[in-house]
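*Asks:* Questions regarding the structure given below will be posed in turn.
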Amino acid sequence: MHTIVLATQKGGSGKSTLAIGLALAAKQAGFTVRLIETDPQGTLSNWQRRRTADDLVVEPIYHAADIEPRLKMLADSGLQLAIVDTAAGLSAATTAAIRHSDLCLIPARPSVADIEATVSTLSVARAWKRPYSFVLNQTPIRGQRIDNAANTLAEEAALDLSDVLARPLIVMRNDHQDSLANGRAVSEFAPNGKSADEIRGLWRWIETRLELSATTNVQIDQVISAAGGMLHVAAELSADETTTLAS
Ligand SMILES: Nc1ncnc2c1ncn2[C@@H]1O[C@H](COP(=O)(O)OP(=O)(O)O)[C@@H](O)[C@H]1O
Ligand SMILES: [Mg+2]
């Protein structure tokens, strides 16, 4: 069984949205999936109550000590994928989930505050030697241009960012909010839309990433400075575009 944990200190970065989107994308790709909710706020349980289909179980586990035995039980039962959604902040349950994960996904909006808020999560993942990757979420519609900038940076950087920055970047679009409000995932709500395409692409990226067992040696400050550089390039691209439009 693979265990993926979505974690970052900052609320609103997209942990729950991505957990649901990825769960359905993985299910549609043929995996048996369980969503584990460690956030007492209950975003996933509320989503399941709005959902008419009973094909995806959301299992609440709020006590840190229950996480490891439950994951072991699920693995023994033959489940292929557990996706764990965590609360904002850094609770004992989040730390336990990261400790027992195969991949820690750290969502961040393209803002300095979100990127800075990833540091404590990265520290936990690194302390337990768990593989981790950033997911840039809610990027502006010019995400493609940011993505190009990210590619350039990754190529030019002295370090290999390809394991650390998940692709594609996930653009901010209403489909994500509308699907959750309807108790569905984006690949069910608007299967032919760009958001669904991106989430399916992200799942394929994760599948490949899970196959790479080794943890990366990238230092936290290198990751943060690379992400900062990317945002800087993105800001310059936006400014260029504004100038072009204005002239
Ligand atoms: N890519 C996206 N495009 C548009 N809205 C998004 C996207 N990702 C998340 N959201 C919205 O942002 C808000 C916060 O997302 P959520 O997944 O609840 O964050 P977290 O679980 O990290 O607190 C929600 O209203 C959600 O629908
Ligand atoms: Mg949440």
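Here, A, B, ... name the chains of the structure tokens in the order displayed, residue numbers run from 1 inside each chain, and ligands are numbered from 1 in the same displayed order.
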Using only C-alpha atoms and all ligand atoms, which residues of the polymer chains come no farther than 6 Å from ligand 1? I'd like the answer as a list in words.
*Replies:* Gly11, Gly12, Ser13, Gly14, Lys15, Ser16, Thr17, Asn137, Gln138, Ile170, Val171, Met172, Arg173, Asn174, His176 and Gln177 of chain A
*Asks:* Using only C-alpha atoms and all ligand atoms, find each residue with an atom at most 10 Å away from ligand 2 and format the answer as a list in words.
*Replies:*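 What falls inside 10 Å of ligand 2 is Leu6, Ala7, Thr8, Lys10, Gly11, Gly12, Ser13, Gly14, Lys15, Ser16, Thr17, Leu18, Ala19, Glu37, Thr38, Asp39, Pro40, Gln41, Gly42, Thr43, Leu44, Asp85, Thr86, Ala87 and Ala88 of chain A.
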*Asks:* What does the file look like for those residues with C-alpha atoms, as an mmCIF file, in the first residue's frame?
*Replies:*
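See result.cif below for the written result:
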```cif
data_model
loop_
_atom_site.group_PDB
_atom_site.id
_atom_site.type_symbol
_atom_site.label_atom_id
_atom_site.label_comp_id
_atom_site.auth_asym_id
_atom_site.auth_seq_id
_atom_site.Cartn_x
_atom_site.Cartn_y
_atom_site.Cartn_z
ATOM 1 C CA LEU A 6 -1.172 16.166 2.303
ATOM 2 C CA ALA A 7 0.275 18.542 4.854
ATOM 3 C CA THR A 8 1.284 22.125 5.367
ATOM 4 C CA LYS A 10 -1.142 27.022 6.202
ATOM 5 C CA GLY A 11 -4.911 26.643 5.951
ATOM 6 C CA GLY A 12 -6.559 27.211 2.590
ATOM 7 C CA SER A 13 -3.639 25.983 0.516
ATOM 8 C CA GLY A 14 -5.661 23.104 -0.935
ATOM 9 C CA LYS A 15 -4.881 20.010 1.183
ATOM 10 C CA SER A 16 -8.487 18.784 1.317
ATOM 11 C CA THR A 17 -9.302 19.753 -2.276
ATOM 12 C CA LEU A 18 -6.246 17.935 -3.611
ATOM 13 C CA ALA A 19 -6.856 14.912 -1.344
ATOM 14 C CA GLU A 37 -9.304 12.463 7.630
ATOM 15 C CA THR A 38 -7.125 13.601 10.528
ATOM 16 C CA ASP A 39 -8.499 17.165 10.523
ATOM 17 C CA PRO A 40 -11.297 17.546 13.122
ATOM 18 C CA GLN A 41 -12.663 20.388 10.996
ATOM 19 C CA GLY A 42 -14.185 17.548 8.966
ATOM 20 C CA THR A 43 -13.934 18.905 5.404
ATOM 21 C CA LEU A 44 -13.766 15.380 3.957
ATOM 22 C CA ASP A 85 -5.692 14.847 4.737
ATOM 23 C CA THR A 86 -4.324 16.820 7.673
ATOM 24 C CA ALA A 87 -5.253 19.946 9.624
ATOM 25 C CA ALA A 88 -3.537 23.292 9.332
#
```
*Asks:* Counting only C-alpha atoms, what is within 12 Å of Arg204 in chain A, bar same-chain residues fewer than 3 positions away, as a list in words?
*Replies:*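 Listing them by chain and then by number gives Leu22, Ala25, Ala26, Gln28, Ala29, Ala166, Arg167, Pro168, Asp197, Glu198, Ile199, Arg200, Gly201, Glu207, Thr208, Arg209, Leu210 and Glu211 of chain A.
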*Asks:* As a PDB file with C-alpha atoms, in the first residue's frame, please: the residues near range 113-130 of chain A (cut-off 7 Å, only C-alpha atoms, same-chain neighbours under 4 positions excluded).
*Replies:*
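The result, stored in around_21.pdb:
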```pdb
ATOM      1  CA  ALA A   7       0.275  18.542   4.854  1.00  0.00           C
ATOM      2  CA  THR A   8       1.284  22.125   5.367  1.00  0.00           C
ATOM      3  CA  GLN A   9       0.866  24.531   8.218  1.00  0.00           C
ATOM      4  CA  LYS A  10      -1.142  27.022   6.202  1.00  0.00           C
ATOM      5  CA  THR A  95       3.439  14.310  12.431  1.00  0.00           C
ATOM      6  CA  ILE A  98       3.993  12.083   7.791  1.00  0.00           C
ATOM      7  CA  ARG A  99       6.125   9.603   9.700  1.00  0.00           C
ATOM      8  CA  SER A 101       3.879   8.080   4.684  1.00  0.00           C
ATOM      9  CA  ASP A 102       5.490   7.055   1.421  1.00  0.00           C
ATOM     10  CA  LEU A 103       5.173  10.579   0.091  1.00  0.00           C
ATOM     11  CA  CYS A 104       4.401  13.859   1.796  1.00  0.00           C
ATOM     12  CA  ILE A 106       3.037  19.930   0.497  1.00  0.00           C
ATOM     13  CA  ALA A 108       1.361  25.893  -1.492  1.00  0.00           C
ATOM     14  CA  ARG A 109      -0.320  28.773  -3.227  1.00  0.00           C
ATOM     15  CA  THR A 215      14.562  10.468  -0.694  1.00  0.00           C
ATOM     16  CA  ILE A 220      15.037  23.046   2.570  1.00  0.00           C
ATOM     17  CA  ILE A 224      12.488  27.626  -0.832  1.00  0.00           C
TER      18      ILE A 224
END
```
